[in-house]
Amino acid sequence: MQITCELHGTVREAYGAKTATVALDSGATVGDLLNTLDGGNERVAPLVRNGDGGIRPHIAVHVNGESVAAGEGAATTLAGGDEVTILPSVSGGKPTLPFEMETVRLGNAAFEGLNNCYVLGLEDDAELTLVDTGFPTDETRSELDRGLADIGIDFADIDRILLTHWHGDHAGLAAEIQAASGCSVHVHVDDAPLVDGSEATQDMDDPAFRDTLTKWGMPPQKQTDLAEFLDANAAAYTRPTVETFTDGDRFDLGSVELEAVHLPGHTVGLCGFAFDGHDGRELFSGDALLPYYTPNVGGADVRVTEPLAAYLDTLVRIIDGEYERAWPGHRGAIVDPTGRAADIIDHHRERTERVVDVLADGPATPWEVSAELFGSLHAIHILHGPGEAFAHLNHLEDAGLAARDGRAYELTTTNPATTELFPTVADRLRPGYEPVH
């Protein structure tokens, strides 16, 4: 039998399309439909169902216009020709905010994809402002140009750019927009040198970067493979003139005031921007908090000396902020930032336990640990995999549970107590929260 699906918000982004026609066996349920949409990749089901298999409370699932929540939920039986709608309570579409905002979605084949460029200050006499700009490729440039044109503006109209961090998929088009408009470009002081080009980014020509890869135990051939990937995905672009800010600085856009919130870990200078929504504080979270992926720590910015510790502090700061909603650098809005931050803490707790299991078999380098965690690594994951392994090994070392001898790490005790290395946040979670991990 054929079932027609309409997908919205984060569910649509995870699946990759707004609609789907799915063939199911007679007697199949909503749960079977979700598994089929996943295609074995666990894209949709974890967003819609909780650990017990039920529908998450902030997800509305309708069959032929009727909610399944009051009935059998995921066990609801489907019939041929049924129309199923899956709608998160914040769909990522037209936002309900006390000011005007538009989101331009930008493709990005090199990394997570679906970058968000947020357009604020659309009211009369407001400061027309972009939060992030997208990757500096011809395709992304055209997407941003078309997206802005759809709301009646172009590069020359921009007054200000606020950057969440230095990565090219967020900062790459800033200089071109600045050249067209004369706009100011603002970035946290710690990431500014990598945006304006006064310091090298993670460049294979940088001896310090190469030395880090070697210390991780990355084989020479994999270093060559990484260099080829970075070269193939590098985009030649000019660097903007930047103005720096620090934690707590405020930006008055006329229509809304944004407060810089330093959220390091993914990069040294990553910042979010908090503001007052209808029901409380909300946050442009950049890559500090994403709805589907867990942001890489360790490889995304090798300047971070204690990446996992820094990122855990960031997640606690997000939880302490009690944000009603987060607007991430990729994909749809996050309806429960506290719960999502807790999920990521749990994810890293489990990953540390897996790292301990690897070291229980004997000393290992970050590269060897990453091979056990992730298997064969390709493209950007050649960098991100051992970087993530290093972040967890470093966290164990700082706690005295592991020691490094040359490039390899080994356990200092047979039964390390890893739970104590992670913050406890259960008392601050919302009613109805269900962990993904």
# chains A, B, ... in the order shown; residues from 1 in each chain; ligands from 1
>>> closest_atom_pairs(of="segment 161-259 of chain A", to="segment 350-365 of chain A", cutoff="10 Å", atoms="only C-alpha atoms", output="CSV")
residue,atom,partner,partner_atom,distance
A:Lys215,CA,A:Thr365,CA,8.3
A:Trp216,CA,A:Thr365,CA,6.1
A:Gly217,CA,A:Thr365,CA,5.7
A:Met218,CA,A:Thr365,CA,8.7
>>> residues_around(residues="segment 280-288 of chain A", least_positions_apart="4", cutoff="8 Å", atoms="only C-alpha atoms", output="count of residues only")
26
>>> closest_atom_pairs(of="segment 213-300 of chain A", to="segment 180-201 of chain A", cutoff="9 Å", atoms="only C-alpha atoms", output="CSV")
residue,atom,partner,partner_atom,distance
A:Thr238,CA,A:Asp196,CA,8.7
A:Arg239,CA,A:Asp196,CA,5.0
A:Pro240,CA,A:Asp196,CA,5.5
A:Thr241,CA,A:Asp196,CA,6.1
A:Val242,CA,A:Val185,CA,4.9
A:Glu243,CA,A:His186,CA,4.8
A:Thr244,CA,A:Val189,CA,4.9
A:Phe245,CA,A:His188,CA,4.9
A:Thr246,CA,A:His188,CA,5.6
A:Asp247,CA,A:His188,CA,7.9
A:Ala260,CA,A:His188,CA,8.6
A:His262,CA,A:His188,CA,8.1
A:Thr267,CA,A:Asp191,CA,7.7
A:Val268,CA,A:Asp190,CA,6.1
A:Gly269,CA,A:Asp190,CA,4.6
A:Leu270,CA,A:His188,CA,7.1
A:Cys271,CA,A:His188,CA,6.8
>>> residues_around(residues="Gly134 of chain A", least_positions_apart="3", cutoff="6 Å", atoms="only C-alpha atoms", output="number ranges by chain")
A: 169-170, 172
>>> atom_distance(atom1="atom CA of Leu213 of chain A", atom2="atom CA of Ala171 of chain A")
24.7 Å
>>> select_by_dssp(residues="segment 70-207 of chain A", states="alpha helix (DSSP H)", output="PyMOL selection string")
chain A and resi 138-150+168-171+174-181+192-196+207
>>> closest_residue(among="A:Gly332, A:Gly73, A:Gly248, A:Gly54", to="Ala14 of chain A", atoms="only C-alpha atoms")
A:Gly332
>>> atom_distance(atom1="atom CA of Ala79 of chain A", atom2="atom CA of Thr29 of chain A")
8.8 Å
>>> closest_residue(among="A:Ile318, A:Gly254, A:Glu259, A:Glu388", to="Val302 of chain A", atoms="only C-alpha atoms")
A:Glu388
>>> select_by_dssp(residues="segment 263-393 of chain A", states="strand (DSSP E)", output="list in words")
Cys271, Gly272, Phe273, Ala274, Phe275, Asp276, Arg281, Glu282, Leu283, Phe284, Ser285, Gly286, Arg325, Ala326, Trp327 and Pro328 of chain A
>>> atom_distance(atom1="atom CA of Val297 of chain A", atom2="atom CA of Leu114 of chain A")
20.0 Å
>>> residues_around(residues="Asp25 of chain A", least_positions_apart="3", cutoff="9 Å", atoms="only C-alpha atoms", output="VMD selection string")
chain A and resid 1 to 2 28
>>> write_last_selection(atoms="C-alpha atoms", output="compact mmCIF listing (two decimals), in the first residue's frame")
# COMPACT_ATOMS: atom_id res chain seq x y z
CA MET A 1 0.00 0.00 0.00
CA GLN A 2 1.09 3.60 -0.63
CA ALA A 28 1.83 -1.40 8.84
>>> residues_around(residues="Thr413 of chain A", least_positions_apart="3", cutoff="10 Å", atoms="only C-alpha atoms", output="VMD selection string")
chain A and resid 360 400 to 402 410 416 to 417
>>> residues_around(residues="Thr21 of chain A", least_positions_apart="6", cutoff="7 Å", atoms="only C-alpha atoms", output="list of chain:residue names")
A:Gln2, A:Ile3, A:Thr4, A:Cys5
